[in-house]
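Engineer: One file: entry_16.tsv (TSV, N, CA and C atoms).
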```
chain	number	residue	atom	x	y	z
A	330	MET	N	127.10	101.26	111.02
A	330	MET	CA	126.52	100.23	111.87
A	330	MET	C	125.49	100.88	112.80
A	331	THR	N	124.36	100.21	112.99
A	331	THR	CA	123.29	100.71	113.84
A	331	THR	C	123.62	100.49	115.30
A	332	ASP	N	123.34	101.50	116.13
A	332	ASP	CA	123.52	101.38	117.57
A	332	ASP	C	122.26	100.75	118.16
A	333	TRP	N	122.26	99.44	118.34
A	333	TRP	CA	121.09	98.72	118.80
A	333	TRP	C	120.79	98.98	120.27
A	334	HIS	N	121.72	99.54	121.01
A	334	HIS	CA	121.48	99.83	122.42
A	334	HIS	C	120.37	100.87	122.62
A	335	SER	N	120.15	101.70	121.61
A	335	SER	CA	119.15	102.77	121.76
A	335	SER	C	117.78	102.38	121.20
A	336	HIS	N	117.66	101.21	120.62
A	336	HIS	CA	116.40	100.79	120.01
A	336	HIS	C	115.52	100.03	121.01
A	337	ARG	N	114.22	100.33	120.95
A	337	ARG	CA	113.24	99.65	121.79
A	337	ARG	C	112.04	99.28	120.92
A	338	ALA	N	111.27	98.33	121.40
A	338	ALA	CA	110.01	98.02	120.72
A	338	ALA	C	109.11	99.24	120.86
A	339	PRO	N	108.28	99.52	119.86
A	339	PRO	CA	107.41	100.68	119.96
A	339	PRO	C	106.45	100.57	121.15
A	340	SER	N	106.28	101.70	121.85
A	340	SER	CA	105.34	101.76	122.97
A	340	SER	C	103.91	101.72	122.42
A	341	LEU	N	102.93	101.67	123.32
A	341	LEU	CA	101.54	101.71	122.88
A	341	LEU	C	101.26	102.98	122.08
A	342	ALA	N	101.78	104.12	122.55
A	342	ALA	CA	101.56	105.39	121.84
A	342	ALA	C	102.24	105.37	120.47
A	343	GLN	N	103.46	104.87	120.40
A	343	GLN	CA	104.15	104.79	119.11
A	343	GLN	C	103.44	103.82	118.17
A	344	PHE	N	102.95	102.73	118.72
A	344	PHE	CA	102.24	101.74	117.92
A	344	PHE	C	100.94	102.34	117.38
A	345	GLU	N	100.28	103.13	118.21
A	345	GLU	CA	99.07	103.82	117.76
A	345	GLU	C	99.39	104.77	116.60
A	346	ALA	N	100.53	105.44	116.68
A	346	ALA	CA	100.96	106.32	115.58
A	346	ALA	C	101.21	105.50	114.31
A	347	ILE	N	101.80	104.32	114.45
A	347	ILE	CA	102.01	103.42	113.29
A	347	ILE	C	100.67	103.02	112.70
A	348	ALA	N	99.72	102.67	113.57
A	348	ALA	CA	98.38	102.26	113.10
A	348	ALA	C	97.68	103.42	112.40
A	349	ASN	N	97.77	104.61	112.96
A	349	ASN	CA	97.14	105.78	112.32
A	349	ASN	C	97.77	106.08	110.98
A	350	ALA	N	99.09	105.96	110.88
A	350	ALA	CA	99.77	106.18	109.60
A	350	ALA	C	99.35	105.12	108.59
A	351	ALA	N	99.23	103.87	109.03
A	351	ALA	CA	98.79	102.80	108.14
A	351	ALA	C	97.38	103.08	107.65
A	352	TYR	N	96.51	103.52	108.54
A	352	TYR	CA	95.13	103.84	108.17
A	352	TYR	C	95.09	104.96	107.13
A	353	LYS	N	95.91	105.99	107.32
A	353	LYS	CA	95.94	107.13	106.40
A	353	LYS	C	96.43	106.75	105.01
A	354	ARG	N	97.19	105.66	104.91
A	354	ARG	CA	97.69	105.20	103.61
A	354	ARG	C	96.68	104.34	102.85
A	355	LEU	N	95.59	103.96	103.51
A	355	LEU	CA	94.57	103.16	102.84
A	355	LEU	C	93.84	104.02	101.82
A	356	PRO	N	93.27	103.42	100.79
A	356	PRO	CA	92.56	104.21	99.77
A	356	PRO	C	91.50	105.12	100.40
A	357	ALA	N	91.40	106.34	99.89
A	357	ALA	CA	90.49	107.35	100.45
A	357	ALA	C	89.05	106.86	100.50
A	358	MET	N	88.59	106.18	99.49
A	358	MET	CA	87.21	105.69	99.46
A	358	MET	C	86.97	104.70	100.62
A	359	PHE	N	87.94	103.87	100.88
A	359	PHE	CA	87.86	102.90	101.96
A	359	PHE	C	87.83	103.62	103.31
A	360	ARG	N	88.71	104.62	103.49
A	360	ARG	CA	88.73	105.39	104.74
A	360	ARG	C	87.40	106.12	104.95
A	361	ASP	N	86.85	106.68	103.88
A	361	ASP	CA	85.58	107.41	103.99
A	361	ASP	C	84.46	106.50	104.48
A	362	MET	N	84.48	105.25	104.08
A	362	MET	CA	83.44	104.31	104.48
A	362	MET	C	83.60	103.86	105.93
A	363	THR	N	84.77	104.08	106.53
A	363	THR	CA	85.04	103.58	107.88
A	363	THR	C	85.11	104.69	108.92
A	364	LYS	N	84.55	105.83	108.63
A	364	LYS	CA	84.69	106.98	109.54
A	364	LYS	C	84.18	106.71	110.95
A	365	GLY	N	83.19	105.88	111.13
A	365	GLY	CA	82.66	105.64	112.46
A	365	GLY	C	83.38	104.58	113.25
A	366	VAL	N	84.35	103.90	112.66
A	366	VAL	CA	85.05	102.81	113.32
A	366	VAL	C	86.23	103.38	114.11
A	367	LEU	N	86.31	103.01	115.40
A	367	LEU	CA	87.42	103.45	116.25
A	367	LEU	C	88.53	102.41	116.23
A	368	ILE	N	89.76	102.87	116.24
A	368	ILE	CA	90.91	101.96	116.27
A	368	ILE	C	91.57	102.11	117.63
A	369	ARG	N	91.71	100.98	118.33
A	369	ARG	CA	92.36	100.97	119.65
A	369	ARG	C	93.54	100.02	119.62
A	370	VAL	N	94.61	100.42	120.29
A	370	VAL	CA	95.79	99.58	120.42
A	370	VAL	C	95.91	99.18	121.88
A	371	GLU	N	96.03	97.90	122.10
A	371	GLU	CA	96.25	97.36	123.44
A	371	GLU	C	97.38	96.35	123.37
A	372	ASP	N	98.00	96.09	124.52
A	372	ASP	CA	99.09	95.12	124.52
A	372	ASP	C	98.62	93.72	124.16
A	373	PHE	N	97.54	93.25	124.79
A	373	PHE	CA	97.03	91.91	124.58
A	373	PHE	C	95.51	91.92	124.58
A	374	PRO	N	94.90	90.91	123.96
A	374	PRO	CA	93.45	90.76	124.13
A	374	PRO	C	93.14	90.35	125.56
A	375	THR	N	91.94	90.64	126.01
A	375	THR	CA	91.53	90.23	127.35
A	375	THR	C	91.32	88.72	127.40
A	376	ASP	N	91.35	88.17	128.60
A	376	ASP	CA	91.07	86.74	128.78
A	376	ASP	C	89.67	86.42	128.28
A	377	GLU	N	88.74	87.32	128.51
A	377	GLU	CA	87.35	87.12	128.06
A	377	GLU	C	87.29	86.97	126.53
A	378	VAL	N	88.02	87.82	125.82
A	378	VAL	CA	88.05	87.74	124.36
A	378	VAL	C	88.67	86.41	123.92
A	379	LEU	N	89.80	86.07	124.52
A	379	LEU	CA	90.47	84.81	124.16
A	379	LEU	C	89.57	83.61	124.42
A	380	ASP	N	88.92	83.60	125.58
A	380	ASP	CA	88.02	82.50	125.91
A	380	ASP	C	86.85	82.41	124.92
A	381	SER	N	86.27	83.57	124.57
A	381	SER	CA	85.11	83.56	123.66
A	381	SER	C	85.48	83.05	122.28
A	382	LEU	N	86.75	83.21	121.89
A	382	LEU	CA	87.20	82.76	120.58
A	382	LEU	C	87.89	81.40	120.63
A	383	GLY	N	88.04	80.84	121.83
A	383	GLY	CA	88.69	79.55	121.96
A	383	GLY	C	90.18	79.59	121.65
A	384	ILE	N	90.81	80.70	121.97
A	384	ILE	CA	92.25	80.87	121.72
A	384	ILE	C	92.98	80.71	123.04
A	385	ASP	N	93.98	79.82	123.06
A	385	ASP	CA	94.69	79.52	124.30
A	385	ASP	C	95.77	80.54	124.65
A	386	SER	N	96.46	81.05	123.65
A	386	SER	CA	97.59	81.93	123.89
A	386	SER	C	97.23	83.39	123.63
A	387	PRO	N	97.67	84.31	124.48
A	387	PRO	CA	97.42	85.72	124.21
A	387	PRO	C	98.17	86.21	122.97
A	388	PHE	N	99.13	85.42	122.50
A	388	PHE	CA	99.86	85.76	121.28
A	388	PHE	C	99.15	85.25	120.03
A	389	GLY	N	98.03	84.55	120.21
A	389	GLY	CA	97.32	83.93	119.09
A	389	GLY	C	96.35	84.84	118.37
A	390	LEU	N	96.23	86.09	118.78
A	390	LEU	CA	95.28	87.01	118.15
A	390	LEU	C	95.96	88.35	117.92
A	391	LEU	N	96.05	88.76	116.64
A	391	LEU	CA	96.73	90.02	116.30
A	391	LEU	C	95.79	91.21	116.31
A	392	GLY	N	94.54	90.97	115.99
A	392	GLY	CA	93.57	92.06	115.93
A	392	GLY	C	92.17	91.50	116.05
A	393	LEU	N	91.22	92.40	116.29
A	393	LEU	CA	89.84	91.98	116.46
A	393	LEU	C	88.90	93.10	116.07
A	394	TYR	N	87.91	92.77	115.27
A	394	TYR	CA	86.83	93.69	114.98
A	394	TYR	C	85.76	93.45	116.02
A	395	HIS	N	85.29	94.51	116.66
A	395	HIS	CA	84.27	94.38	117.69
A	395	HIS	C	83.07	95.22	117.28
A	396	GLY	N	81.97	94.56	117.00
A	396	GLY	CA	80.76	95.25	116.60
A	396	GLY	C	79.94	94.37	115.68
A	397	VAL	N	78.88	94.92	115.16
A	397	VAL	CA	78.02	94.21	114.22
A	397	VAL	C	78.42	94.66	112.82
A	398	ASP	N	78.85	93.70	112.00
A	398	ASP	CA	79.28	94.10	110.66
A	398	ASP	C	78.10	94.63	109.86
A	399	LEU	N	78.41	95.41	108.85
A	399	LEU	CA	77.37	96.09	108.07
A	399	LEU	C	76.38	95.13	107.41
A	400	THR	N	76.84	93.92	107.12
A	400	THR	CA	75.95	92.96	106.47
A	400	THR	C	74.86	92.44	107.41
A	401	ARG	N	75.04	92.65	108.74
A	401	ARG	CA	74.06	92.17	109.72
A	401	ARG	C	73.37	93.29	110.49
A	402	GLN	N	73.69	94.55	110.18
A	402	GLN	CA	73.07	95.66	110.89
A	402	GLN	C	71.69	95.95	110.32
A	403	SER	N	70.80	96.41	111.20
A	403	SER	CA	69.45	96.77	110.81
A	403	SER	C	69.12	98.13	111.41
A	404	VAL	N	68.35	98.93	110.68
A	404	VAL	CA	67.93	100.23	111.21
A	404	VAL	C	66.99	100.05	112.39
A	405	LEU	N	66.42	98.88	112.56
A	405	LEU	CA	65.51	98.61	113.67
A	405	LEU	C	66.24	98.22	114.96
A	406	ASP	N	67.53	97.90	114.84
A	406	ASP	CA	68.31	97.52	116.01
A	406	ASP	C	68.56	98.74	116.89
A	407	PRO	N	68.67	98.53	118.21
A	407	PRO	CA	69.04	99.66	119.07
A	407	PRO	C	70.45	100.12	118.73
A	408	SER	N	70.73	101.36	119.03
A	408	SER	CA	72.05	101.92	118.73
A	408	SER	C	73.12	101.15	119.50
A	409	PRO	N	74.02	100.48	118.79
A	409	PRO	CA	75.05	99.68	119.45
A	409	PRO	C	76.20	100.56	119.94
A	410	LEU	N	77.09	99.94	120.69
A	410	LEU	CA	78.33	100.61	121.07
A	410	LEU	C	79.11	100.93	119.80
A	411	PRO	N	80.06	101.84	119.87
A	411	PRO	CA	80.82	102.16	118.66
A	411	PRO	C	81.53	100.93	118.09
A	412	GLU	N	81.58	100.87	116.79
A	412	GLU	CA	82.34	99.81	116.12
A	412	GLU	C	83.82	100.06	116.44
A	413	MET	N	84.56	99.01	116.80
A	413	MET	CA	85.96	99.17	117.18
A	413	MET	C	86.82	98.10	116.54
A	414	ILE	N	88.03	98.50	116.24
A	414	ILE	CA	89.05	97.56	115.81
A	414	ILE	C	90.16	97.61	116.84
A	415	PHE	N	90.48	96.45	117.40
A	415	PHE	CA	91.57	96.34	118.35
A	415	PHE	C	92.78	95.79	117.63
A	416	LEU	N	93.91	96.44	117.80
A	416	LEU	CA	95.20	95.93	117.33
A	416	LEU	C	95.99	95.58	118.59
A	417	TYR	N	96.51	94.36	118.63
A	417	TYR	CA	97.21	93.88	119.82
A	417	TYR	C	98.72	93.96	119.59
A	418	ARG	N	99.33	94.92	120.28
A	418	ARG	CA	100.73	95.28	120.06
A	418	ARG	C	101.69	94.10	120.27
A	419	ARG	N	101.63	93.45	121.39
A	419	ARG	CA	102.60	92.40	121.69
A	419	ARG	C	102.50	91.22	120.72
A	420	PRO	N	101.31	90.69	120.42
A	420	PRO	CA	101.24	89.62	119.43
A	420	PRO	C	101.72	90.05	118.04
A	421	ILE	N	101.43	91.30	117.66
A	421	ILE	CA	101.91	91.78	116.35
A	421	ILE	C	103.43	91.88	116.37
A	422	LEU	N	104.00	92.39	117.46
A	422	LEU	CA	105.47	92.47	117.54
A	422	LEU	C	106.08	91.07	117.53
A	423	ASP	N	105.45	90.12	118.19
A	423	ASP	CA	105.94	88.75	118.19
A	423	ASP	C	105.91	88.17	116.78
A	424	TYR	N	104.81	88.40	116.07
A	424	TYR	CA	104.70	87.94	114.68
A	424	TYR	C	105.81	88.57	113.84
A	425	TRP	N	106.04	89.85	114.03
A	425	TRP	CA	107.06	90.60	113.29
A	425	TRP	C	108.44	89.98	113.47
A	426	THR	N	108.76	89.56	114.70
A	426	THR	CA	110.08	88.99	114.95
A	426	THR	C	110.27	87.65	114.25
A	427	GLU	N	109.17	86.98	113.94
A	427	GLU	CA	109.23	85.65	113.33
A	427	GLU	C	109.12	85.67	111.81
A	428	HIS	N	108.87	86.84	111.22
A	428	HIS	CA	108.66	86.93	109.78
A	428	HIS	C	109.52	88.05	109.18
A	429	ASP	N	109.63	88.05	107.87
A	429	ASP	CA	110.45	89.04	107.18
A	429	ASP	C	109.69	90.31	106.81
A	430	ASP	N	108.41	90.39	107.14
A	430	ASP	CA	107.60	91.55	106.78
A	430	ASP	C	108.00	92.77	107.60
A	431	LYS	N	107.78	93.96	107.03
A	431	LYS	CA	108.00	95.20	107.76
A	431	LYS	C	106.85	95.38	108.75
A	432	LEU	N	107.15	96.00	109.87
A	432	LEU	CA	106.13	96.19	110.91
A	432	LEU	C	104.93	96.96	110.37
A	433	GLY	N	105.17	98.02	109.62
A	433	GLY	CA	104.07	98.80	109.06
A	433	GLY	C	103.20	97.98	108.13
A	434	ASP	N	103.81	97.07	107.37
A	434	ASP	CA	103.03	96.21	106.47
A	434	ASP	C	102.15	95.23	107.25
A	435	ILE	N	102.67	94.73	108.36
A	435	ILE	CA	101.88	93.81	109.19
A	435	ILE	C	100.70	94.55	109.80
A	436	VAL	N	100.95	95.74	110.32
A	436	VAL	CA	99.88	96.54	110.92
A	436	VAL	C	98.82	96.85	109.86
A	437	THR	N	99.26	97.23	108.66
A	437	THR	CA	98.31	97.50	107.57
A	437	THR	C	97.48	96.27	107.26
A	438	HIS	N	98.13	95.12	107.18
A	438	HIS	CA	97.43	93.87	106.87
A	438	HIS	C	96.36	93.57	107.92
A	439	VAL	N	96.72	93.66	109.20
A	439	VAL	CA	95.77	93.36	110.27
A	439	VAL	C	94.63	94.38	110.25
A	440	LEU	N	94.96	95.64	110.06
A	440	LEU	CA	93.96	96.69	110.02
A	440	LEU	C	92.97	96.47	108.88
A	441	VAL	N	93.46	96.20	107.69
A	441	VAL	CA	92.58	95.94	106.54
A	441	VAL	C	91.73	94.71	106.78
A	442	HIS	N	92.33	93.68	107.33
A	442	HIS	CA	91.58	92.44	107.60
A	442	HIS	C	90.44	92.69	108.59
A	443	GLU	N	90.73	93.42	109.65
A	443	GLU	CA	89.70	93.68	110.66
A	443	GLU	C	88.63	94.63	110.12
A	444	ILE	N	89.02	95.65	109.37
A	444	ILE	CA	88.03	96.54	108.73
A	444	ILE	C	87.20	95.75	107.74
A	445	GLY	N	87.83	94.83	107.05
A	445	GLY	CA	87.12	93.97	106.10
A	445	GLY	C	85.98	93.22	106.76
A	446	HIS	N	86.17	92.81	108.02
A	446	HIS	CA	85.08	92.15	108.75
A	446	HIS	C	83.89	93.10	108.91
A	447	HIS	N	84.18	94.36	109.14
A	447	HIS	CA	83.12	95.36	109.29
A	447	HIS	C	82.24	95.42	108.05
A	448	PHE	N	82.86	95.33	106.89
A	448	PHE	CA	82.12	95.44	105.64
A	448	PHE	C	81.73	94.10	105.04
A	449	GLY	N	82.15	93.01	105.65
A	449	GLY	CA	81.84	91.70	105.10
A	449	GLY	C	82.57	91.44	103.79
A	450	LEU	N	83.79	91.98	103.65
A	450	LEU	CA	84.55	91.84	102.41
A	450	LEU	C	85.18	90.45	102.29
A	451	SER	N	85.39	90.05	101.05
A	451	SER	CA	86.07	88.79	100.78
A	451	SER	C	87.58	88.97	100.96
A	452	ASP	N	88.30	87.87	101.04
A	452	ASP	CA	89.76	87.93	101.12
A	452	ASP	C	90.34	88.62	99.90
A	453	ASP	N	89.76	88.38	98.71
A	453	ASP	CA	90.24	89.03	97.49
A	453	ASP	C	90.04	90.55	97.56
A	454	ASP	N	88.88	90.98	98.07
A	454	ASP	CA	88.63	92.42	98.24
A	454	ASP	C	89.67	93.03	99.16
A	455	MET	N	89.92	92.37	100.28
A	455	MET	CA	90.89	92.89	101.25
A	455	MET	C	92.29	92.94	100.67
A	456	ALA	N	92.65	91.94	99.89
A	456	ALA	CA	93.97	91.93	99.26
A	456	ALA	C	94.12	93.10	98.29
A	457	ARG	N	93.06	93.42	97.55
A	457	ARG	CA	93.11	94.57	96.63
A	457	ARG	C	93.26	95.88	97.40
A	458	ILE	N	92.54	96.03	98.49
A	458	ILE	CA	92.63	97.25	99.28
A	458	ILE	C	94.03	97.40	99.87
A	459	GLU	N	94.54	96.31	100.36
A	459	GLU	CA	95.89	96.33	100.94
A	459	GLU	C	96.93	96.68	99.87
A	460	ALA	N	96.75	96.13	98.68
A	460	ALA	CA	97.68	96.42	97.58
A	460	ALA	C	97.58	97.88	97.15
A	461	ASP	N	96.41	98.48	97.31
A	461	ASP	CA	96.21	99.88	96.93
A	461	ASP	C	96.68	100.87	97.99
A	462	ALA	N	97.06	100.36	99.16
A	462	ALA	CA	97.55	101.25	100.22
A	462	ALA	C	98.82	101.94	99.73
A	463	VAL	N	98.90	103.23	99.98
A	463	VAL	CA	100.07	104.02	99.55
A	463	VAL	C	101.20	103.75	100.51
A	464	ASN	N	102.31	103.26	99.97
A	464	ASN	CA	103.48	102.97	100.84
A	464	ASN	C	104.38	104.15	100.94
```
Let me see the file written as structure tokens.

Structural biologist:
Amino acid sequence: MTDWHSHRAPSLAQFEAIANAAYKRLPAMFRDMTKGVLIRVEDFPTDEVLDSLGIDSPFGLLGLYHGVDLTRQSVLDPSPLPEMIFLYRRPILDYWTEHDDKLGDIVTHVLVHEIGHHFGLSDDDMARIEADAVN
């Protein structure tokens, strides 16, 4: 029997380790294409982000790609801020408690989906990448 008294939800640092492990399991070609994208873990999206997306609840957003996706970038544009993917720990943990998926699988799904925005990938493309992730 598991001693549940010693278990806690993963901290921001632990969650970042989960995200990094999920990223490392993605296909090498996909990782090579995303070298400039930074991954950040935060507890919740900011109010500004929620307002800009028209989302009422801070639990309504699991992740966010922040930047100009490759399909809209131009060499003539000024150098933008670094491309970033935000993973929101508390909404992802809340989703996890409501579903039968493993936490690592949810993090991988959100990560692939947000990276997919960077490349302008279709849902089918993202599903293939996610399926190719080494478990």

Engineer: Please, what distance in Å, to one decimal, runs between atom N of His446 of chain A and atom C of Arg337 of chain A?

Structural biologist: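 So the answer is 29.6 Å.
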
Engineer: Would you work out the distance separating atom N of Thr363 of chain A from atom CA of Glu443 of chain A, expressed in Å to one decimal?

Structural biologist: 12.2 Å

Engineer: Which distance in Å separates atom CA of Gly389 of chain A and atom CA of Thr437 of chain A, to one decimal?

Structural biologist: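 These atoms are spaced 17.8 Å apart.
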
Engineer: Write out as a PyMOL selection string the set of residues from chain A that DSSP, computed on the backbone, places in strand (DSSP E).

Structural biologist: chain A and resi 367-371+392-395+413-417

Engineer: Please determine, counting only N, CA and C atoms, which residue among A:Ile435, A:Glu345, A:Gly449, A:Trp425 has the shortest atom-to-atom distance to Ile368 of chain A.

Structural biologist: A:Glu345

Engineer: Give as a VMD selection string each residue that has an atom at most 7 Å from (100.1, 85.2, 119.9) in the file, counting only N, CA and C atoms.

Structural biologist: chain A and resid 386 to 391 419 to 421 424

Engineer: Could you list, as a ChimeraX atom specification, every residue within 6.5 Å of segment 353-356 of chain A, counting only N, CA and C atoms and ignoring same-chain residues fewer than 2 positions away?

Structural biologist: /A:348-351,358-361,458,461-464
